[in-house]
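Heads up, the thing below is written out as structure tokens.
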Amino acid sequence: MSSPNKRRDMDVMKLMMGDYNVETTNDGLSEFNVEFHGPKDSLYEGGVWKVHVELPDVYPFKSPSIGFVNKIFHPNVDELSGSVCLDVINQTWSPMFDLLNIFEVFLPQLLLYPNPSDPLNGDAASLMMKDKALYERRVKEYCERYAKENVNKSKEEEESDDDDISDGHCTSSDDIPIPGREDP
């Protein structure tokens, strides 16, 4: 069995060699940002997000921390911190999973099939359940405003666009602070 560091390095390299733009944030491979494109045939298609990834020292035996850096309107993503509420990452993680699973399966599935019954963004969940058409317009508005090709939009530019803030809470997430985003 290989050491966690070898596995971490191998998983990050597989991600880098795939179709993903990976930008390390420190000198090591334990913290980095990945450019993530919204899945085809979804409300998020055409959106481009910077997703912050932190790998714990014992990865893959403990799940990575994942969070959106630029804003996304989604019931299972905290609008302020970017934290993701996804059971497979937060509760049922297995060392059999790797980083490619997160970006090729887990995050696309999250965007395709939101779960409004376990929200981090209460406003998005409520809107999704009560007014699906308005929810879909809001998702597309956020994609247009925050998730176009320029994923390096500054925090100040995003704050000047703010008009709606969520205070939802997910019962299955460790709300992690995401570098580049301020805590409330």
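Just remember, in the structure tokens the first chain shown is A, the second B, etc., residues are 1-based per chain, and ligands are 1-based in the order shown.
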ask   = Near Tyr44 (chain A), counting only C-alpha atoms, which residues have an atom at most 12 Å away, once you skip same-chain residues fewer than 4 positions from it, shown as number ranges by chain?
value = A: 36-40, 48-49, 72-74, 107-114, 136-144, 146-148
inquiry  = Which of region 113-148 of chain A end up as helix (DSSP H, G or I) when DSSP is run on this backbone - answer as a VMD selection string?
reply    = chain A and resid 122 to 130 132 to 146
Long-range neighbours of region 16-25 of chain A as JSON, numbers by chain, 9 Å cut-off, only C-alpha atoms, 5 positions minimum in chain = {"A": [11, 30, 31, 32, 33, 34, 35, 36, 100, 103]}
Can I get the selection written as a compact mmCIF listing (two decimals), in the first residue's frame, with N, CA, C and O atoms?
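File selection_34.txt, as written:
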```
# COMPACT_ATOMS: atom_id res chain seq x y z
N ASP A 11 -2.80 11.66 -7.32
CA ASP A 11 -4.15 12.16 -7.61
C ASP A 11 -4.11 13.59 -8.16
O ASP A 11 -4.83 13.92 -9.10
N SER A 30 -0.90 20.22 -1.45
CA SER A 30 -2.01 19.97 -0.55
C SER A 30 -3.10 21.04 -0.60
O SER A 30 -4.16 20.87 -0.03
N GLU A 31 -2.84 22.13 -1.31
CA GLU A 31 -3.83 23.19 -1.42
C GLU A 31 -3.74 23.80 -2.81
O GLU A 31 -2.67 24.21 -3.25
N PHE A 32 -4.88 23.84 -3.51
CA PHE A 32 -4.87 24.33 -4.89
C PHE A 32 -6.27 24.70 -5.33
O PHE A 32 -7.26 24.39 -4.64
N ASN A 33 -6.36 25.37 -6.46
CA ASN A 33 -7.63 25.74 -7.07
C ASN A 33 -7.76 25.00 -8.39
O ASN A 33 -6.77 24.82 -9.11
N VAL A 34 -8.98 24.61 -8.72
CA VAL A 34 -9.26 23.90 -9.97
C VAL A 34 -10.34 24.67 -10.72
O VAL A 34 -11.35 25.06 -10.12
N GLU A 35 -10.12 24.88 -12.00
CA GLU A 35 -11.16 25.50 -12.83
C GLU A 35 -12.19 24.43 -13.17
O GLU A 35 -11.86 23.39 -13.75
N PHE A 36 -13.42 24.71 -12.81
CA PHE A 36 -14.50 23.73 -12.97
C PHE A 36 -15.60 24.32 -13.85
O PHE A 36 -16.08 25.41 -13.59
N LEU A 100 -10.32 13.05 -9.28
CA LEU A 100 -11.06 13.01 -10.54
C LEU A 100 -12.53 12.68 -10.29
O LEU A 100 -13.41 13.23 -10.96
N PHE A 103 -14.37 15.93 -9.46
CA PHE A 103 -14.61 16.87 -10.55
C PHE A 103 -15.33 16.27 -11.75
O PHE A 103 -15.94 17.00 -12.53
```
inquiry  = With distances taken over only C-alpha atoms, which residue among A:Gly82, A:Leu15, A:Asn26, A:Pro75 lies nearest Met129 (chain A)?
reply    =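 Nearest candidate to Met129 (chain A) out of A:Gly82, A:Leu15, A:Asn26, A:Pro75: A:Pro75.
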